[in-house]
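As stored in final-v8.pdb (PDB, C-alpha atoms):
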ATOM      1  CA  MET A  26      74.425  99.338  13.330
ATOM      2  CA  ARG A  27      75.650  95.780  13.649
ATOM      3  CA  GLU A  28      72.529  94.788  15.568
ATOM      4  CA  LEU A  29      70.303  96.326  12.907
ATOM      5  CA  LYS A  30      72.044  94.286  10.214
ATOM      6  CA  ILE A  31      71.554  91.126  12.249
ATOM      7  CA  LEU A  32      67.899  92.027  12.754
ATOM      8  CA  ALA A  33      67.478  92.610   9.022
ATOM      9  CA  VAL A  34      68.970  89.171   8.250
ATOM     10  CA  VAL A  35      66.707  87.487  10.824
ATOM     11  CA  VAL A  36      63.612  89.238   9.464
ATOM     12  CA  ALA A  37      64.526  88.308   5.884
ATOM     13  CA  LEU A  38      65.093  84.650   6.756
ATOM     14  CA  THR A  39      61.862  84.565   8.745
ATOM     15  CA  LEU A  40      59.839  86.015   5.856
ATOM     16  CA  ILE A  41      61.397  83.611   3.355
ATOM     17  CA  THR A  42      60.657  80.671   5.643
ATOM     18  CA  TYR A  43      57.096  81.866   6.201
ATOM     19  CA  TRP A  44      56.519  82.247   2.465
ATOM     20  CA  GLY A  45      57.842  78.748   1.867
ATOM     21  CA  VAL A  46      55.764  77.164   4.604
ATOM     22  CA  GLU A  47      52.486  79.066   4.309
ATOM     23  CA  PRO A  48      51.588  80.951   1.100
ATOM     24  CA  TYR A  49      53.724  78.912  -1.302
ATOM     25  CA  ALA A  50      52.784  75.590   0.272
ATOM     26  CA  HIS A  51      49.123  76.614   0.259
ATOM     27  CA  SER A  52      49.288  77.525  -3.433
ATOM     28  CA  GLN A  53      50.763  74.117  -4.234
ATOM     29  CA  MET A  54      48.356  72.102  -2.093
ATOM     30  CA  HIS A  55      45.326  74.180  -3.062
ATOM     31  CA  PRO A  56      45.819  75.542  -6.589
ATOM     32  CA  HIS A  57      43.723  78.545  -7.551
ATOM     33  CA  VAL A  58      40.325  77.732  -9.004
ATOM     34  CA  ALA A  59      37.556  79.871 -10.435
ATOM     35  CA  PRO A  60      35.401  81.675  -7.841
ATOM     36  CA  ALA A  61      32.187  80.101  -6.620
ATOM     37  CA  ASP A  62      29.399  80.429  -9.173
ATOM     38  CA  PHE A  63      26.169  80.945  -7.290
ATOM     39  CA  ALA A  64      24.326  81.777 -10.517
ATOM     40  CA  PHE A  65      25.093  78.287 -11.876
ATOM     41  CA  THR A  66      25.706  79.745 -15.299
ATOM     42  CA  ASP A  67      26.440  76.350 -16.845
ATOM     43  CA  LEU A  68      22.736  75.528 -16.401
ATOM     44  CA  LYS A  69      21.422  78.558 -18.295
ATOM     45  CA  GLU A  70      20.563  76.624 -21.427
ATOM     46  CA  ALA A  71      18.720  73.895 -19.528
ATOM     47  CA  VAL A  72      16.611  76.322 -17.487
ATOM     48  CA  ALA A  73      16.050  79.022 -20.102
ATOM     49  CA  PRO A  74      12.547  77.755 -21.054
ATOM     50  CA  VAL A  75      11.587  77.623 -17.365
ATOM     51  CA  LYS A  76      13.158  80.846 -16.154
ATOM     52  CA  GLU A  77      10.769  83.145 -17.994
ATOM     53  CA  LEU A  78       7.657  81.438 -16.634
ATOM     54  CA  LYS A  79       5.714  82.287 -13.493
ATOM     55  CA  GLY A  80       5.072  79.187 -11.433
ATOM     56  CA  ASP A  81       1.623  78.147 -10.261
ATOM     57  CA  VAL A  82       1.919  77.120  -6.612
ATOM     58  CA  ALA A  83      -1.346  75.141  -6.568
ATOM     59  CA  ASN A  84      -0.390  73.033  -9.567
ATOM     60  CA  GLY A  85       3.118  72.669  -8.164
ATOM     61  CA  GLU A  86       1.638  71.195  -4.995
ATOM     62  CA  THR A  87      -0.296  68.635  -7.045
ATOM     63  CA  LEU A  88       2.803  67.670  -9.015
ATOM     64  CA  VAL A  89       5.053  67.374  -5.963
ATOM     65  CA  THR A  90       2.610  65.437  -3.791
ATOM     66  CA  SER A  91       1.743  63.035  -6.610
ATOM     67  CA  ASN A  92       5.282  62.439  -7.872
ATOM     68  CA  CYS A  93       7.759  63.141  -5.076
ATOM     69  CA  THR A  94       6.320  62.104  -1.732
ATOM     70  CA  ALA A  95       6.749  58.410  -2.492
ATOM     71  CA  CYS A  96      10.446  58.937  -1.694
ATOM     72  CA  HIS A  97      10.666  62.385  -0.108
ATOM     73  CA  SER A  98       9.093  63.644   3.074
ATOM     74  CA  ILE A  99       7.630  67.121   3.550
ATOM     75  CA  GLU A 100       7.218  67.114   7.311
ATOM     76  CA  SER A 101       5.993  70.706   7.474
ATOM     77  CA  LYS A 102       3.055  69.789   5.202
ATOM     78  CA  GLY A 103       2.113  66.520   6.847
ATOM     79  CA  PHE A 104       3.998  64.146   4.552
ATOM     80  CA  PRO A 105       6.217  62.103   6.866
ATOM     81  CA  GLN A 106       9.111  59.965   5.713
ATOM     82  CA  ILE A 107       7.569  56.698   4.521
ATOM     83  CA  MET A 108      10.576  54.555   5.412
ATOM     84  CA  ASP A 109      13.037  55.023   8.272
ATOM     85  CA  ASN A 110      16.602  56.118   7.545
ATOM     86  CA  VAL A 111      17.982  52.584   7.473
ATOM     87  CA  SER A 112      15.368  51.364   4.990
ATOM     88  CA  SER A 113      15.633  54.485   2.851
ATOM     89  CA  ALA A 114      19.408  54.201   2.683
ATOM     90  CA  ALA A 115      19.180  50.545   1.727
ATOM     91  CA  ALA A 116      16.686  51.351  -1.041
ATOM     92  CA  TYR A 117      18.274  54.494  -2.514
ATOM     93  CA  GLY A 118      21.875  54.448  -1.283
ATOM     94  CA  VAL A 119      21.347  57.654   0.667
ATOM     95  CA  VAL A 120      18.462  59.042   2.726
ATOM     96  CA  PRO A 121      16.353  61.317   0.458
ATOM     97  CA  PRO A 122      16.070  64.930   1.681
ATOM     98  CA  ASP A 123      12.955  66.454   3.151
ATOM     99  CA  LEU A 124      11.596  68.873   0.548
ATOM    100  CA  GLY A 125      10.141  71.344   3.021
ATOM    101  CA  THR A 126      13.349  73.416   3.025
ATOM    102  CA  ALA A 127      14.497  72.874  -0.583
ATOM    103  CA  GLY A 128      13.103  76.189  -1.826
ATOM    104  CA  LYS A 129      15.081  78.063   0.831
ATOM    105  CA  LEU A 130      18.348  76.158   0.568
ATOM    106  CA  TYR A 131      18.831  75.677  -3.137
ATOM    107  CA  ASN A 132      19.189  78.016  -6.086
ATOM    108  CA  ALA A 133      15.972  78.114  -8.156
ATOM    109  CA  ASP A 134      17.773  77.486 -11.454
ATOM    110  CA  TYR A 135      19.588  74.568  -9.896
ATOM    111  CA  LEU A 136      16.290  73.078  -8.733
ATOM    112  CA  SER A 137      14.770  73.494 -12.187
ATOM    113  CA  SER A 138      17.693  71.712 -13.812
ATOM    114  CA  PHE A 139      17.912  69.046 -11.111
ATOM    115  CA  VAL A 140      14.286  68.020 -11.642
ATOM    116  CA  GLN A 141      15.085  67.467 -15.312
ATOM    117  CA  ASP A 142      18.478  65.757 -14.965
ATOM    118  CA  PRO A 143      19.787  65.091 -11.431
ATOM    119  CA  ALA A 144      23.068  63.420 -12.395
ATOM    120  CA  THR A 145      24.230  66.081 -14.846
ATOM    121  CA  THR A 146      23.076  69.002 -12.698
ATOM    122  CA  SER A 147      24.916  67.720  -9.631
ATOM    123  CA  LYS A 148      27.967  66.877 -11.769
ATOM    124  CA  VAL A 149      28.097  63.195 -10.879
ATOM    125  CA  GLY A 150      27.231  61.760 -14.265
ATOM    126  CA  HIS A 151      30.585  59.948 -14.257
ATOM    127  CA  LYS A 152      29.238  57.709 -11.477
ATOM    128  CA  TYR A 153      26.313  56.475 -13.507
ATOM    129  CA  VAL A 154      27.690  54.497 -16.425
ATOM    130  CA  ASP A 155      27.363  50.897 -17.582
ATOM    131  CA  GLY A 156      23.696  50.761 -16.705
ATOM    132  CA  LYS A 157      23.932  52.529 -13.338
ATOM    133  CA  VAL A 158      21.304  55.197 -12.797
ATOM    134  CA  HIS A 159      20.888  58.054 -10.360
ATOM    135  CA  PRO A 160      18.535  57.091  -7.488
ATOM    136  CA  MET A 161      16.298  60.028  -8.391
ATOM    137  CA  PRO A 162      14.673  59.609 -11.817
ATOM    138  CA  SER A 163      14.850  62.391 -14.389
ATOM    139  CA  TYR A 164      11.556  64.237 -14.755
ATOM    140  CA  ASN A 165      12.518  65.550 -18.179
ATOM    141  CA  TRP A 166       9.055  64.644 -19.423
ATOM    142  CA  LEU A 167       7.591  67.532 -17.469
ATOM    143  CA  GLN A 168       6.750  70.655 -19.441
ATOM    144  CA  PRO A 169       8.677  73.865 -18.636
ATOM    145  CA  GLN A 170       5.551  75.336 -17.027
ATOM    146  CA  GLU A 171       5.198  72.289 -14.794
ATOM    147  CA  ILE A 172       8.822  72.543 -13.679
ATOM    148  CA  ALA A 173       8.267  76.217 -12.893
ATOM    149  CA  ASP A 174       5.200  75.205 -10.871
ATOM    150  CA  VAL A 175       7.186  72.630  -8.876
ATOM    151  CA  VAL A 176       9.912  75.159  -8.022
ATOM    152  CA  ALA A 177       7.314  77.798  -7.121
ATOM    153  CA  TYR A 178       5.651  75.371  -4.688
ATOM    154  CA  LEU A 179       8.957  74.394  -3.071
ATOM    155  CA  LYS A 180       9.814  78.048  -2.569
ATOM    156  CA  ASP A 181       6.337  78.816  -1.232
ATOM    157  CA  ILE A 182       6.452  76.160   1.504
ATOM    158  CA  SER A 183      10.046  76.785   2.551
ATOM    159  CA  PRO A 184      10.738  78.605   5.831
ATOM    160  CA  LYS A 185      11.701  82.261   5.646
ATOM    161  CA  GLU A 186      14.527  81.908   8.139
ATOM    162  CA  MET A 187      16.718  78.985   9.206
ATOM    163  CA  THR A 188      19.489  78.740  11.783
ATOM    164  CA  ASN A 189      23.001  77.750  10.736
ATOM    165  CA  LYS A 190      22.513  74.339  12.317
ATOM    166  CA  GLU A 191      19.200  73.789  10.521
ATOM    167  CA  VAL A 192      20.800  74.618   7.188
ATOM    168  CA  PHE A 193      23.675  72.212   7.855
ATOM    169  CA  THR A 194      21.312  69.462   8.978
ATOM    170  CA  ASN A 195      19.154  69.743   5.867
ATOM    171  CA  ALA A 196      21.949  70.326   3.369
ATOM    172  CA  CYS A 197      24.828  68.154   4.610
ATOM    173  CA  GLN A 198      23.882  65.681   7.334
ATOM    174  CA  ARG A 199      22.393  63.050   5.051
ATOM    175  CA  CYS A 200      25.967  62.109   4.130
ATOM    176  CA  HIS A 201      28.284  63.853   6.611
ATOM    177  CA  SER A 202      28.594  63.570  10.376
ATOM    178  CA  ILE A 203      29.840  66.396  12.566
ATOM    179  CA  LYS A 204      30.324  64.563  15.841
ATOM    180  CA  TYR A 205      31.989  67.417  17.761
ATOM    181  CA  ALA A 206      28.681  69.279  17.611
ATOM    182  CA  ASP A 207      27.112  66.729  19.983
ATOM    183  CA  MET A 208      29.569  64.051  21.082
ATOM    184  CA  LYS A 209      27.519  63.045  24.120
ATOM    185  CA  ASN A 210      24.238  62.226  22.396
ATOM    186  CA  GLY A 211      25.462  61.528  18.888
ATOM    187  CA  THR A 212      22.576  63.419  17.265
ATOM    188  CA  MET A 213      24.842  64.917  14.602
ATOM    189  CA  ALA A 214      25.811  61.611  13.038
ATOM    190  CA  SER A 215      25.078  61.094   9.355
ATOM    191  CA  PHE A 216      21.453  60.145   8.656
ATOM    192  CA  THR A 217      22.640  57.488   6.208
ATOM    193  CA  PRO A 218      24.318  54.463   7.851
ATOM    194  CA  ASN A 219      28.051  54.199   7.170
ATOM    195  CA  ASP A 220      27.861  51.005   5.138
ATOM    196  CA  ASP A 221      25.218  52.412   2.803
ATOM    197  CA  ILE A 222      26.823  55.805   2.275
ATOM    198  CA  LYS A 223      30.216  54.192   1.708
ATOM    199  CA  LYS A 224      28.717  51.984  -0.985
ATOM    200  CA  TYR A 225      26.829  54.902  -2.531
ATOM    201  CA  MET A 226      29.754  57.351  -2.537
ATOM    202  CA  GLY A 227      32.599  54.880  -3.011
ATOM    203  CA  LYS A 228      34.163  55.813   0.332
ATOM    204  CA  LEU A 229      32.996  57.073   3.699
ATOM    205  CA  PRO A 230      32.434  60.860   3.596
ATOM    206  CA  PRO A 231      34.601  62.677   6.155
ATOM    207  CA  ASP A 232      33.368  63.903   9.495
ATOM    208  CA  LEU A 233      33.214  67.697   9.179
ATOM    209  CA  SER A 234      33.984  68.628  12.797
ATOM    210  CA  GLN A 235      37.438  70.058  12.003
ATOM    211  CA  MET A 236      37.066  70.693   8.276
ATOM    212  CA  ILE A 237      37.092  74.463   8.801
ATOM    213  CA  ARG A 238      40.546  74.185  10.416
ATOM    214  CA  SER A 239      42.040  71.686   7.978
ATOM    215  CA  ARG A 240      40.761  73.344   4.782
ATOM    216  CA  GLY A 241      39.769  76.900   5.618
ATOM    217  CA  ALA A 242      36.730  78.965   4.666
ATOM    218  CA  GLU A 243      38.130  80.068   1.283
ATOM    219  CA  TYR A 244      38.636  76.474   0.132
ATOM    220  CA  LEU A 245      35.242  75.382   1.413
ATOM    221  CA  GLU A 246      33.481  78.234  -0.404
ATOM    222  CA  THR A 247      34.603  76.968  -3.807
ATOM    223  CA  PHE A 248      34.513  73.288  -2.882
ATOM    224  CA  ILE A 249      30.933  73.183  -1.599
ATOM    225  CA  ASN A 250      29.755  75.215  -4.584
ATOM    226  CA  ASP A 251      31.437  72.801  -7.017
ATOM    227  CA  PRO A 252      33.555  69.910  -5.636
ATOM    228  CA  GLN A 253      34.807  69.031  -9.132
ATOM    229  CA  LYS A 254      36.933  72.191  -9.187
ATOM    230  CA  HIS A 255      39.207  70.792  -6.497
ATOM    231  CA  LEU A 256      38.697  67.045  -6.885
ATOM    232  CA  PRO A 257      37.876  66.133 -10.482
ATOM    233  CA  GLY A 258      35.963  62.873 -10.521
ATOM    234  CA  THR A 259      34.894  63.075  -6.884
ATOM    235  CA  ALA A 260      31.653  61.340  -5.943
ATOM    236  CA  MET A 261      30.467  64.333  -3.903
ATOM    237  CA  PRO A 262      27.672  66.074  -5.810
ATOM    238  CA  ARG A 263      27.307  69.761  -6.438
ATOM    239  CA  VAL A 264      24.432  70.431  -4.060
ATOM    240  CA  GLY A 265      23.299  73.775  -5.475
ATOM    241  CA  LEU A 266      23.131  75.868  -2.311
ATOM    242  CA  THR A 267      22.423  79.573  -2.568
ATOM    243  CA  GLU A 268      25.191  81.926  -1.459
ATOM    244  CA  GLU A 269      23.314  82.638   1.777
ATOM    245  CA  SER A 270      22.791  78.962   2.598
ATOM    246  CA  GLN A 271      26.402  78.075   1.884
ATOM    247  CA  ALA A 272      27.588  80.924   4.104
ATOM    248  CA  GLN A 273      25.439  79.488   6.899
ATOM    249  CA  VAL A 274      26.951  76.025   6.425
ATOM    250  CA  ILE A 275      30.464  77.458   6.681
ATOM    251  CA  ALA A 276      29.430  79.561   9.692
ATOM    252  CA  TYR A 277      28.169  76.420  11.430
ATOM    253  CA  LEU A 278      31.426  74.603  10.692
ATOM    254  CA  GLU A 279      33.207  77.533  12.350
ATOM    255  CA  GLU A 280      30.866  77.400  15.357
ATOM    256  CA  VAL A 281      31.730  73.737  15.891
ATOM    257  CA  GLY A 282      35.339  73.477  14.744
ATOM    258  CA  ASP A 283      36.752  76.941  15.444
ATOM    259  CA  SER A 284      34.633  78.391  18.223
ATOM    260  CA  LYS A 285      37.550  80.480  19.590
ATOM    261  CA  LYS A 286      38.239  82.236  16.281
ATOM    262  CA  ALA A 287      36.858  85.607  17.416
ATOM    263  CA  GLN A 288      38.858  85.532  20.664
ATOM    264  CA  ARG A 289      42.000  84.505  18.808
ATOM    265  CA  GLU A 290      41.643  87.297  16.265
ATOM    266  CA  GLU A 291      40.981  89.806  19.045
ATOM    267  CA  LEU A 292      44.096  88.722  20.949
ATOM    268  CA  GLY A 293      46.415  88.855  17.909
ATOM    269  CA  PRO A 294      46.778  92.663  17.587
ATOM    270  CA  LYS A 295      47.177  93.034  21.352
ATOM    271  CA  PHE A 296      49.995  90.493  21.365
ATOM    272  CA  LEU A 297      51.773  92.233  18.485
ATOM    273  CA  ILE A 298      51.530  95.576  20.290
ATOM    274  CA  TYR A 299      53.036  93.914  23.377
ATOM    275  CA  LEU A 300      55.949  92.579  21.312
ATOM    276  CA  VAL A 301      56.640  96.023  19.824
ATOM    277  CA  ILE A 302      56.632  97.671  23.257
ATOM    278  CA  PHE A 303      58.828  94.885  24.675
ATOM    279  CA  ALA A 304      61.262  95.297  21.762
ATOM    280  CA  ILE A 305      61.522  99.053  22.404
ATOM    281  CA  PHE A 306      62.259  98.550  26.085
ATOM    282  CA  GLY A 307      64.735  95.819  25.219
ATOM    283  CA  PHE A 308      66.571  98.084  22.797
ATOM    284  CA  LEU A 309      66.687 100.958  25.319
ATOM    285  CA  TRP A 310      67.958  98.621  28.051
ATOM    286  CA  LYS A 311      70.674  97.266  25.769
ATOM    287  CA  ALA A 312      71.704 100.792  24.765
ATOM    288  CA  SER A 313      72.002 101.912  28.376
ATOM    289  CA  LYS A 314      74.157  98.925  29.358
ATOM    290  CA  TRP A 315      76.468  99.002  26.348
ATOM    291  CA  ARG A 316      76.782 102.779  25.903
ATOM    292  CA  ASP A 317      80.113 102.964  27.732
ATOM    293  CA  VAL A 318      81.523  99.922  25.913
ATOM    294  CA  HIS A 319      80.832 101.409  22.497
TER
END

Taking this structure as input, can you express it in the form of structure tokens?
Amino acid sequence: MRELKILAVVVALTLITYWGVEPYAHSQMHPHVAPADFAFTDLKEAVAPVKELKGDVANGETLVTSNCTACHSIESKGFPQIMDNVSSAAAYGVVPPDLGTAGKLYNADYLSSFVQDPATTSKVGHKYVDGKVHPMPSYNWLQPQEIADVVAYLKDISPKEMTNKEVFTNACQRCHSIKYADMKNGTMASFTPNDDIKKYMGKLPPDLSQMIRSRGAEYLETFINDPQKHLPGTAMPRVGLTEESQAQVIAYLEEVGDSKKAQREELGPKFLIYLVIFAIFGFLWKASKWRDVH
């Protein structure tokens, strides 16, 4: 009986310590925020006139190729990047994305709103005050039908399937490096040179190689969807990824930064079973040795 009381005290102290170190500390360092909003409900009013319209792909192609390809490439349609990454970064602060995957990566409502007002849609309007303007101009002079046409074209030319790495490269690598993905060749460095992206963002964006371990998938799900929830006033924009695309980004971060996760999770239950069996044998051994004493 005495041993059971001691065990109960040890278990209680262990659980209290665990709660203080893990769940409680996590709740203090990462306060609860609203779940990720992949419907981008705050944009409903802005996109309402567009949402009910059926886009014309042919007219969308004309609008995109006549208005967007001066800055953006569409490699899959034969519109290469006009300037190299260094020149583009110097001109715009960050390398503009290739539009060939935009229709796959980004929520359609987000795209509609972004065309009209990039700064507000991406929640970085606080960066553009005192005469500063977003590097992408607002196309709020376009008619709702024309915006619907642009989005329809971007969705029409986008690939049907993309690997996790392709999604990360198109959605994140303009600003973020992930050097552990290819340390030897350095192909996963940020497309935008450090000096330019630091000036554009206010500080150098972190390398994402170990972000999955330092923050965790739950934090990243809400942060990527809307960085302002965790870091009000941050310079990182809301990028508008669909739920599927964001899941692929997080999956790629796990592939690079936590490649042994599956093996670790598989080993955990086996180790706990071993401890239980060992504890039973230990108790039986103790009982046999101390039976005569008691």

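Distances here use only C-alpha atoms; by that measure, the residue among A:Asp134, A:Asp123, A:Ile31, A:Gly118 closest to A:Pro105 is A:Asp123.
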
Would you kindly return, as a list in words, each protein, DNA or RNA residue with an atom no farther than 12 Å from any atom of A:Ala272, considering all atoms listed in the file and excluding same-chain residues fewer than 6 positions away? Ala61, Phe63, Leu130, Thr188, Asn189, Lys190, Val192, Phe193, Ala242, Glu243, Leu245, Glu246, Thr247, Ile249, Asn250, Leu266, Leu278 and Glu279 of chain A

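Within the 12 Å cut-off around A:Glu171, using all atoms listed in the file and omitting residues fewer than 4 positions from it on the same chain, the listed residues are Pro74, Val75, Lys76, Leu78, Lys79, Gly80, Asp81, Val82, Ala83, Asn84, Gly85, Glu86, Thr87, Leu88, Val89, Ser137, Val140, Gln141, Tyr164, Asn165, Trp166, Leu167, Val175, Val176, Ala177 and Tyr178 of chain A.
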
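For the atom pair formed by atom CA of A:Leu179 and atom CA of A:Ala127, the distance is 6.3 Å, given to one decimal.
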
Rounded to one decimal in Å, what is the spacing between atom CA of A:Val274 and atom CA of A:Gly241? 12.9 Å

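Minimum atom-to-atom distance to A:Thr217, evaluated using all atoms listed in the file, belongs to A:Pro121 out of A:Gly293, A:Pro169, A:Pro121, A:Gly45.
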
Selection in question (the file shown): the PyMOL selection byres ((chain A and resi 196) around 12). Which residues does it include, as a short mmCIF file (atom, residue, chain, number, x, y, z; two decimals) with C-alpha atoms, in the frame of the given file?
data_model
loop_
_atom_site.label_atom_id
_atom_site.label_comp_id
_atom_site.auth_asym_id
_atom_site.auth_seq_id
_atom_site.Cartn_x
_atom_site.Cartn_y
_atom_site.Cartn_z
CA VAL A 120 18.46 59.04 2.73
CA PRO A 121 16.35 61.32 0.46
CA PRO A 122 16.07 64.93 1.68
CA ASP A 123 12.96 66.45 3.15
CA LEU A 124 11.60 68.87 0.55
CA GLY A 125 10.14 71.34 3.02
CA THR A 126 13.35 73.42 3.02
CA ALA A 127 14.50 72.87 -0.58
CA GLY A 128 13.10 76.19 -1.83
CA LYS A 129 15.08 78.06 0.83
CA LEU A 130 18.35 76.16 0.57
CA TYR A 131 18.83 75.68 -3.14
CA MET A 187 16.72 78.98 9.21
CA ASN A 189 23.00 77.75 10.74
CA LYS A 190 22.51 74.34 12.32
CA GLU A 191 19.20 73.79 10.52
CA VAL A 192 20.80 74.62 7.19
CA PHE A 193 23.68 72.21 7.86
CA THR A 194 21.31 69.46 8.98
CA ASN A 195 19.15 69.74 5.87
CA CYS A 197 24.83 68.15 4.61
CA GLN A 198 23.88 65.68 7.33
CA ARG A 199 22.39 63.05 5.05
CA CYS A 200 25.97 62.11 4.13
CA HIS A 201 28.28 63.85 6.61
CA SER A 202 28.59 63.57 10.38
CA SER A 215 25.08 61.09 9.36
CA PHE A 216 21.45 60.14 8.66
CA ILE A 249 30.93 73.18 -1.60
CA PRO A 262 27.67 66.07 -5.81
CA ARG A 263 27.31 69.76 -6.44
CA VAL A 264 24.43 70.43 -4.06
CA GLY A 265 23.30 73.78 -5.48
CA LEU A 266 23.13 75.87 -2.31
CA THR A 267 22.42 79.57 -2.57
CA SER A 270 22.79 78.96 2.60
CA GLN A 271 26.40 78.08 1.88
CA GLN A 273 25.44 79.49 6.90
CA VAL A 274 26.95 76.03 6.42
CA ILE A 275 30.46 77.46 6.68
CA TYR A 277 28.17 76.42 11.43
#

Point out the residue among A:Ser234, A:Phe139, A:Asn132, A:Cys96 with the least atom-to-atom distance to A:Met208, counting only C-alpha atoms.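 Ranked by minimum distance to A:Met208, first place goes to A:Ser234.
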
I need the residue set behind the PyMOL selection byres ((chain A and resi 261) around 9) for this file; please write it as a list in words. Ser147, Lys148, Val149, Met226, Pro230, Pro252, Gln253, Gly258, Thr259, Ala260, Pro262, Arg263 and Val264 of chain A

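Summary of the local environment: counting all atoms listed in the file, residues at most 10 Å from A:Asp67, other than itself and those fewer than 5 positions away along its chain, are Asp62, Val72, Tyr135 and Thr146 of chain A.
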
Mind rebuilding stretch 308-319 of chain A with N, CA and C atoms and writing that out as a compact mmCIF listing (two decimals), in the coordinates of the input?
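Here's the written file result23.txt:
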# COMPACT_ATOMS: atom_id res chain seq x y z
N PHE A 308 65.54 97.30 23.50
CA PHE A 308 66.57 98.08 22.80
C PHE A 308 67.11 99.19 23.70
N LEU A 309 66.24 99.88 24.42
CA LEU A 309 66.69 100.96 25.32
C LEU A 309 67.55 100.41 26.45
N TRP A 310 67.16 99.25 26.97
CA TRP A 310 67.96 98.62 28.05
C TRP A 310 69.33 98.25 27.55
N LYS A 311 69.38 97.66 26.36
CA LYS A 311 70.67 97.27 25.77
C LYS A 311 71.55 98.49 25.55
N ALA A 312 70.93 99.57 25.04
CA ALA A 312 71.70 100.79 24.76
C ALA A 312 72.30 101.38 26.04
N SER A 313 71.51 101.34 27.12
CA SER A 313 72.00 101.91 28.38
C SER A 313 73.15 101.09 28.96
N LYS A 314 73.13 99.79 28.79
CA LYS A 314 74.16 98.92 29.36
C LYS A 314 75.44 98.91 28.53
N TRP A 315 75.31 99.11 27.22
CA TRP A 315 76.47 99.00 26.35
C TRP A 315 76.98 100.36 25.87
N ARG A 316 76.36 101.46 26.38
CA ARG A 316 76.78 102.78 25.90
C ARG A 316 78.25 103.03 26.16
N ASP A 317 78.73 102.70 27.37
CA ASP A 317 80.11 102.96 27.73
C ASP A 317 81.07 102.08 26.95
N VAL A 318 80.65 100.85 26.67
CA VAL A 318 81.52 99.92 25.91
C VAL A 318 81.75 100.44 24.50
N HIS A 319 80.70 100.90 23.86
CA HIS A 319 80.83 101.41 22.50
C HIS A 319 81.50 102.76 22.47
